[in-house]
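Novice: Quick one: the structure is below, and I'll ask about it shortly.
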Amino acid sequence: MDYKDLADLIFPDVKDVSYYEEKYPRRNLPEGAIVTRFAPSPTGFVHIGGLYSALIARKVTTQTNGVFFLRVEDTDQKREVENGITGIIEALKKFDIIPDEGMKNEEESFGDYGPYKQSQRKEIYQAYAKYLIENRLAYPCFCTAEELDEMRKKQEAAKVIPGYYGVWAKYRNLPITEAAEKIKNGEEYIIRLKSPGDSERKVKFKDVIKGNVTFPENNQDIVIIKSDGLPTYHFAHAVDDHLMGTTHVIRGDEWLSSLPVHVQLFQVLGFKAPKYCHIAPILKEDNGAKRKLSKRKDPEAAVEYYAKEGIPSDAVKEYLLNIANSNFEQWRKQNKEASIDEFELLLNKMSVSGALFDMIKLLDISKTVISKYDAKTVYNYALAWANTYDDDLKELLEKDPEYTLKVLGIERGNEKPRKDISKWSTIRENIEYMYDDRFLNQKIDYEYQKINDKEEIKNIVNTYIDKYFDLSDDKNTWFEKMKDLSEEFGYAREVKEFKANPEAFKGHVGDISTVIRISLTGKANTPDMYEIMQVLGKDSVIKRLKKAI
RNA sequence: GGCCCCGUGGUCAAGCGGUUAAGACAUCGCCCUUUCACGGCGGAGACAUGGGUUCGAUUCCCGUCGGGGUCACCA
């Protein structure tokens with residue numbers, strides 16, 4: 001009996017690795033093309049951090065005419081969730097992140113390097129595991145969970161590094177005949193790597209983002225095939241990314257410390273290792289401490305949250321890009337109208353340490369993103385949002401689309417568009433007062449400001465209606481009349497005039513126009529009042545002013 | 001605890017041996033044909049700390065402190 005026999009006994013039905021090496025030839029791509037992937041577990045939940053790395057991966061691959069594929073890592077059957085894959089695909093799609101290859105639904109994939117679902121690649125991993133066993137680079141281990149537990153306790157008591165290595169590696173040197181015996185007796189086992197590493201030696205790696213990092217060599221005989229026959233993450237990573245021609249592994253930096261294991265795996269398997277890009281996580285402040293955005297505690301960790309809040313995906317992407325490369329901001333300043341596709345993202349310019357998530361900044365970006373949309377676009381997005389999250393708003397928007405478009409068009413499309421909408425979930429308060437059937441039938445709480453004497457207000461409004469209000473005026477004339485009105489009541493025509501000589505006036509034109517504004521809309525802050533009146537129309541303006549007094 | 005990474009204003013961050021130490025968000029003040037926004041101008045606000053190396057350290061080295069990651073038949 002030799003190692004080949006043992007390997008045959010363990011994996012009798014798998015193909016030789018040469019089959020796979022031929023089946024998946026090297027990719028024929030231009031110089032510098034990046035091939036990378038997004039490789040989530042199908043838990044259905046897409047974390048903002050996942051979206052972040054997917055966005056970066058998508059961006060650097062299109063920039064270099066490379067390939068971006070979606071591989072599903074479902075080797076842990078306990079954690080699987082129904083329709084998890086579809087959920088991921090849909091989530092990415094909402095952000096315009098479309099893979100070039102990979103899964104397209106729960107079971108099927110497209111592309112020449114598939115399957116792209118790890119559970120469907122079982123025999124591939126086993127072929128490579130078999131190869132390692134044949135070459136004495138891996139072996140079966142018969143330890144039970146209890147045994148391992150006991151070992152760990154002993155190691156802790158002895159204050160040595162825990163794990164399966166060196167003298168602790170019970171089955172590392174088990175004679176093959178004994179191993180074969182145990183297998184024939186039906187004992188459960190797993191396959192471990194026979195690590196050639198020595199933890200006394202140091203290895204240096206160059207991470208594209210982190211730069212040089214030094215680790216002790218891996219000397220742990222890590223598990224490569226679990227008792228259910230599926231590979232561990234580490235082994236699947238090495239086999240898949242080799243076969244799929246991945247040039248860059250872009251992933252969260254929680255993986256940084258397994259670099260020695262991964263690089264060793266590539267070396268043992270005779271593969272060329274990819275470049276690694278470990279990206280820093282997005283953090284959150286919690287009682288003075290920083291921690292990763294948590295699925296359980298932080299709603300904003302879920303990509304779903306942004307849709308629910310009505311924050312445009314464009315805005316989320318801009319925010320993420322802003323975290324990724326801080327020069328994005330400067331680029332955006334110089335290229336106000338450009339698509340983010342034109343921005344060149346550089347992996348090596350990414351930050352080494354994690355950034356605190358800043359909702360205020362996101363919303364700031366969001367309001368400028370929205371300010372650039374035309375009325376029609378705003379209408380469509382707002383309606384799409386209302387469709388799933390707000391029936392009443394949907395009704396409001398759909399009742400008279402033409403009128404709504406006019407409302408949304410106020411102070412939009414000009415040099416300095418309004419920036420008061422940062423998310424669709426708050427758009428209601430920006431437009432609702434413009435609808436007569438709601439405004440006129442509602443009890444309004446008019447909160448007048450500087451001028452709040454009821455008689456005075458009544459006089460001002462009446463005088464305005466009788467003497468100055470004329471919708472056919474152009475804006476200048478309209479405003480001149482507002483000044484005339486002010487003067488008539490003892491208020492300065494110009495703010496400057498008032499400031500120069502405050503004793504001479506009761507106030508200024510701003511105070512008067514505020515009275516009209518509040519009477520007209522019930523609100524102290526609205527967009528340009530002239531435009532509002534134009535949209536409202538004569539009847540409405542008069543009805544509203546009369547209602548106020 | 002071992003190992004690894006990181007430490008510039010409240011936040012995100014440029015700078016990487018000699019700078020008045022950029023910029024953005026937030027904040028405060030002023031200005032801008034009516035409010036609020038927008039926009040413009042300006043203010044306040046930072047190189048964790050102690051030692052080296054150097055003519056000179058935010059930048060290089062070491063220690064300390066602080067933060068994060070990781071130590072599974074989970075990814």
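We name chains A, B, ... following the order of the structure tokens; residues begin at 1 in each chain, and ligands are numbered from 1 as shown.
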Show me which bits of chain A are within 6 Å of chain B, counting only C-alpha atoms (C1' of nucleotides), as a PyMOL selection string.

Specialist: chain A and resi 226+254+257+353+361+416+510+513-514+524-525

Novice: Would you write out those residues with N, CA and C atoms, as a CSV table (one decimal), in the first residue's frame?

Specialist:
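New file out.csv:
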chain,number,residue,atom,x,y,z
A,226,LYS,N,-13.8,19.0,4.8
A,226,LYS,CA,-14.6,18.8,6.0
A,226,LYS,C,-15.2,17.4,5.9
A,254,GLU,N,-10.4,41.4,7.3
A,254,GLU,CA,-10.5,40.3,8.4
A,254,GLU,C,-9.7,39.1,7.9
A,257,SER,N,-5.0,38.1,8.2
A,257,SER,CA,-4.2,37.2,9.0
A,257,SER,C,-4.2,35.7,8.5
A,353,SER,N,-6.7,52.0,7.0
A,353,SER,CA,-7.5,51.8,8.2
A,353,SER,C,-9.0,52.2,7.9
A,361,LYS,N,-22.6,62.9,5.9
A,361,LYS,CA,-21.9,63.1,4.7
A,361,LYS,C,-22.7,62.4,3.5
A,416,LYS,N,-28.0,77.2,-9.8
A,416,LYS,CA,-27.9,76.7,-8.4
A,416,LYS,C,-29.2,76.1,-8.0
A,510,GLY,N,-38.3,91.5,3.8
A,510,GLY,CA,-38.3,90.1,4.2
A,510,GLY,C,-39.4,89.7,5.2
A,513,SER,N,-42.6,89.7,3.2
A,513,SER,CA,-42.8,88.5,2.3
A,513,SER,C,-43.0,87.2,3.1
A,514,THR,N,-42.4,87.2,4.3
A,514,THR,CA,-42.6,86.1,5.1
A,514,THR,C,-44.1,85.9,5.5
A,524,ALA,N,-42.6,78.5,6.7
A,524,ALA,CA,-41.7,79.7,6.6
A,524,ALA,C,-40.6,79.4,5.6
A,525,ASN,N,-40.3,78.1,5.4
A,525,ASN,CA,-39.3,77.9,4.3
A,525,ASN,C,-39.8,77.1,3.2

Novice: Tell me, as an MDAnalysis selection string, which residues lie within 9 Å of Phe11 (chain A), counting only C-alpha atoms (C1' of nucleotides); anything in the same chain fewer than 6 positions away does not count.

Specialist: chainID A and resid 126:127 129:130

Novice: Enter the distance from CA of Val495 (chain A) to CA of Val509 (chain A), in Å, rounded to one decimal.

Specialist: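 Calculated distance between CA of Val495 (chain A) and CA of Val509 (chain A) is 6.7 Å.
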
Novice: Using the chain letters and numbers from this document, which residues of region 64-144 of chain A does DSSP assign to helix (DSSP H, G or I), as number ranges by chain?

Specialist: A: 77-79, 84-94, 118-134

Novice: I'd like the contact shell of Tyr171 (chain A) - 12 Å cut-off, only C-alpha atoms (C1' of nucleotides), skipping same-chain residues fewer than 2 positions apart - returned as an NGL selection string.

Specialist: :A and (138-144 or 164-169 or 173-176 or 178-179 or 182 or 189-194 or 221)

Novice: To test your reading of the structure, identify every residue in region 343-511 of chain A that backbone DSSP assigns to strand (DSSP E or B), and report it as a list of chain:residue names.

Specialist: A:Ala355, A:Leu356, A:Tyr491, A:Ala492, A:Gly507, A:His508

Novice: Separation of C1' of A57 (chain B) and CA of Asn327 (chain A), in Å?

Specialist: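 Separating C1' of A57 (chain B) from CA of Asn327 (chain A) is a distance of 26.6 Å.
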
Novice: To one decimal in Å, tell me the separation between CA of Leu92 (chain A) and CA of Ala315 (chain A).

Specialist: 14.7 Å

Novice: Considering only C-alpha atoms (C1' of nucleotides), return as a VMD selection string whatever protein or nucleic-acid residues lie within 10 Å of Asp364 (chain A), sequence-local ones (same chain, fewer than 3 positions apart) excluded.

Specialist: (chain A and resid 315 319 359 to 361 367 to 369 419 to 422) or (chain B and resid 25)

Novice: Selection from above, C-alpha atoms (C1' of nucleotides), as a PDB file, in the first residue's frame, can you write it?

Specialist:
ATOM      1  CA  ALA A 315     -25.533  58.619  -3.904  1.00  0.00           C
ATOM      2  CA  TYR A 319     -20.238  57.999  -0.903  1.00  0.00           C
ATOM      3  CA  MET A 359     -24.587  59.357   7.492  1.00  0.00           C
ATOM      4  CA  ILE A 360     -24.488  63.162   7.439  1.00  0.00           C
ATOM      5  CA  LYS A 361     -21.934  63.128   4.688  1.00  0.00           C
ATOM      6  CA  LYS A 367     -28.829  65.968  -1.863  1.00  0.00           C
ATOM      7  CA  THR A 368     -26.392  67.168  -4.442  1.00  0.00           C
ATOM      8  CA  VAL A 369     -26.923  64.033  -6.497  1.00  0.00           C
ATOM      9  CA  LYS A 419     -30.752  71.080  -2.464  1.00  0.00           C
ATOM     10  CA  ASP A 420     -33.448  70.384   0.019  1.00  0.00           C
ATOM     11  CA  ILE A 421     -34.226  66.787  -0.866  1.00  0.00           C
ATOM     12  CA  SER A 422     -31.730  64.250   0.394  1.00  0.00           C
TER      13      SER A 422
ATOM     14  C1'   C B  25     -18.660  67.103   5.739  1.00  0.00           C
TER      15        C B  25
END

Novice: Using only C-alpha atoms (C1' of nucleotides), which residue out of B:G45, B:G40, B:G15, B:G9 lies closest to C28 (chain B)?

Specialist: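 Comparing B:G45, B:G40, B:G15, B:G9 against C28 (chain B), the winner is B:G45.
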
Novice: Find, counting only C-alpha atoms (C1' of nucleotides), the residue in B:G63, B:G42, B:G10, B:G56 that gets nearest to U27 (chain B).

Specialist: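 Closest candidate: B:G10.
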